[in-house]
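Trainee: What follows is a structure written as structure tokens; I'll ask about it next.
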Amino acid sequence: MNATQITLISAILVTAIASGVYFFWPGSGAGKASPNNSKTRVSSDVLPPTAPTDTVDFAITKAFNEARRGILKNKESHFAWGKLGMICIAHELLPEAVVVLKQAIALRPEYPNWHYCLALALHETDIESALKHLEKSAALNDDTPPSPRLMLAEKLIELDRLDLAEKHIKTTLGKDPNNARAYLAQGRLLYERGEDRAAIASLEKSLLYSPRRKRALLVMAKAYLRLGNEPMAEKIKKSSASLRVRGWPDPYRADINTHRTGLKKLLSNADIALGYGRNSQAVALAKEATRDYPDSEHAWIMLGRGHLRLRNLDKASHAFDNALTINPRSADAMFRRGVVHIYKKEYKKGELLYKKALEIKPDFTMAFFNLGQCLAQQNDFPGAVEALQNAIRFDPNVFMIRLRLGDYLLSAKRPEDALKEFEEALALKPNSSEAQSMIAKVKAQLKKTSP
Amino acid sequence: MSIQADKIACMHCRTLNTLLIAFLAMNVLVACSDADSQTRSSEKDSKAFEDNQPRMAPWFKDATESLGLAFNHRTNKLGNYFMPQMVGSGAAMIDFDSDGHYDIYLLQNAGPKSPHKNQLFRQTPSGQFVDVSTSSGLDVPGHNMGVAVGDINNDGKPDVLITQYTGAKLFLNQTVDNTPKFVDITKPAGIDNPLWGTSASFLDYDRDGFLDLAIVNYVNYYADRWCADSSSKRDYCGPNAFDGRVTKLFRNLGPQPDKTPKFKDVTLASGIGRKRGPGLGVFCADFNGDHYPDIFVANDGKPNHLWINKKDGTFSEQADLRGLAANRMSKAEADMGIAIGDVDSDGLFDVFVTHLHTETHTLWQQKPQGIFHDKTSTLGVANTHWRGTGFGTAMADFDANGTLDLVIANGAVLRTKGKIPTDIPPGLDKFWHAYCQQNQILSNDGTGHFTDISLDNPDFSKRAAVSRGLVVGDFNNDGALDMLITRVGSPARIYLNIAKSHGSFLTITAIDPKLNRIAYGAEITVTSGKKVYKRIVNPAYSYVCSNDPRAHFGLARAGKVDQIRITWPDGYIESFPGVEANQFLTLRRGSGKPAQSK
């Protein structure tokens, strides 16, 4: 090894460590290849693409340009090219991703990650090339993690190349006999072949090894239906109804996601935080969003949502007002500002705001609902009934609207009509004790008044 | 009465929060699902057509100008990314004056206050289209989306329903002679659809002889919502930014004492109102073989719905179970237009649905009855010269070789980032150029396997546009199926069938004399030698359009057919004797012999 080679290796390692994208998965190929090979395969004249000129989000442009500068500092660093590739994928800049990942692969063909990333960038538009890169990635990473081979198998099933898919599934299961994703793929494959009983057996194994049940249950229901067991199919389908489709764990994709940045990421994270009840964290993220993107009404709305959760009503009002300053016709912001009025028991103000929101969006079901509430609180029950009847025109199947409409009809001294609404509510939610008790109450009332 | 303000307010926050989550998710989805690029071959340039070595003579020629069809589609002000602009408008093939020459009704999308109104064109005996919109009653403005045609009062005259962005209008046909007269009976008839309607279909779900109505609704749209492409540049929103809406079902109660047809909203009572979805396409037919019409709704970016008729006025949603909810990987795609037909001649109809150009359109093969399998890759549908975002679509035997071909009307929903087509409709606003894509034709080789023949059909496929609606029918009554395409912001085009390889044909109109109208929902099976052909009578397929209600059969070289069987909408099966090919046949219920179900 001569001095130039040593310098080159050092530069690559420094860049890799500095860019924080060094991978430690067993069998990933990291450290296996000789940079000498890369040097002979790639032209140092190749320049990375520039950031797309129409990218509005400064944070994305900044991340792109930083990664690009990393390449320019060391054009033979596959990590530098790969990092830019991942940034591109994270922000759906797929043409750019393809260019830079090809260069990363040219520099380091033995590195499995870039093949997988390139497959992700290509699979919607050039499936044959994507398959080749998945196969390469799977071969290079020794199935650790198994995501390249399993994605390959799934794509092959999609393309009806079942025999080839089966080969890859067997390879995965040979190395990891408890792999739920592989069993799901096997179940699908067997279902496609018409081997329904065998498919069910595989799907049962998938269910055994993973909490990600929805897709396995759906295929299983179809297999039972084809076997003529409709009750079982219906039962399984029902059991899957409330489940959500969840993705499989994939360290490669997780790594790509760490490169996401910008307004969307901030708002998305704030939203997730709210979903988990981490309201203060959501507020902190939304504050960051309003600081970096003060012209974004969505950032202000998110901040208002967080404050509303924390019952910081004045701060919530301020945030929604800012959103309305940016977009005076934001029916969303008006709606949420109206919620603050309801919390503050400012029903007249709420009424006016909801009426304004409905001028902008006449089919705004929930604005009708909250308008009804504001009116009911002012003892305008006929008005409240009308508002909720309007809500039902747009959304006939919302339990709470039916129930509340029954309440208002009862207050408006229309018990027969109220009974109908409570019955509709019960039909929508057959186990509702609230609806049941209201029905019993109204029936007793009607019995009393009947001659 | 105590009202729990906090509880209610919170509940609503949750609902709207879902909306915001959808916005966030949508941006990701949109970016990855329709972010056109130079790596995504969604367009072939003119040179590809010039370099193409034709394997066959073209099937179609553009006859728009020569037939006098002068309709320019308009939208309201561009640049505000008002989503209904992107969804486009449909058209109907309708013989409003019952003279045997099918007329054309085309919808506008420029808003309720616009001077640009829907147009009705009467076809003269010489085949020219004459604008008869004024005073027809159908010349209404609006953000008009879809159109359905059906005789709602069994008077022998086809009536018209149009869907709109937050509305629907029902028009009763009172035409006498050749002067069109349609009366808006929306309110007295009890049609109330304040949602964003898209496709619609008439069907007789309760088999009482009166056509009921299914209106598919799209999303709970917020016009002030800001949506952007992957580079944060503003563009049209995708469906996942909003909640889906319910499909509405209206039961036809028959004419009332004052002779006005009356409908009852049975959306909730029928069970159809229990599930929401961003619906764009609809097709009503018997999907499970029990001779009761079911309702298939194509949802944009969400699992499709297949409402199976339980024969008691209610429906059960079974798309998941029967394989039509999503593709074979259980992935719900952006489902838009629907085409139905028996592509492999096994006696069971198959289902084709168009998607985004970053997905593949899906072809589900039915086997056994009532179970559908995604066979997109196997049947060659994914192997095309280019990919497009498909809307209108149809399966039809254009060359009459005895097998069903496929046509797709394409146009992007987000700006193309790569090469923008240069061969575009003259006069099209520059705003739309980045959304233009080319249409496609796929020929069936007889086994259900398709080959892209778009390059051999430059009139239909060379020029890119923002195509949406696609109507198929025999406009000039020559026994060959023609096409009409609607396009956002540019003139509609009519393409006449000039296929030289054309085989023989049979066109059947199935009439129930007691109902005095075409028997929507009837299934017609024609046997010629060993070949069996099947068609379903229902003009509501494709996307926001109404097609030729007659059943067209391509018969290849057969000079006659051996037998015709009709399963009427109430399940009664009748057999009719064989006839010579190359004729238009009207078959009336009761004039054949009762037959057993096979």
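Residue numbering restarts at 1 for every chain of the structure tokens, chains are lettered A, B, ... in their displayed order, and ligands are numbered from 1 as they appear.
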Tell me as a PyMOL selection string which residues belonging to chain A come within 8 Å of chain B, counting only C-alpha atoms.
Mentor: chain A and resi 52+54-57+91-95+124-126+154+158-160+188+192+215+218+221-222+225-226+233-234+237+264+267-268+271+329-332+336+339+342-343+361+363-364+366+370+373+377+393-397+407+411+428
Trainee: Any idea what the distance is between CA of Lys311 in chain B and CA of Glu574 in chain B?
Mentor: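 Pair CA of Lys311 in chain B / CA of Glu574 in chain B returns 21.8 Å.
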Trainee: What's the 7 Å shell around Gly341 in chain B, counting only C-alpha atoms, without same-chain residues fewer than 4 positions away, as a PyMOL selection string?
Mentor: chain B and resi 349-351+395+535
Trainee: So which one's closest to Asn109 in chain B, B:Asn410, B:Ser89, B:Gln440, B:Thr163? Using only C-alpha atoms, please.
Mentor: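 That would be B:Ser89, the residue with the smallest distance to Asn109 in chain B.
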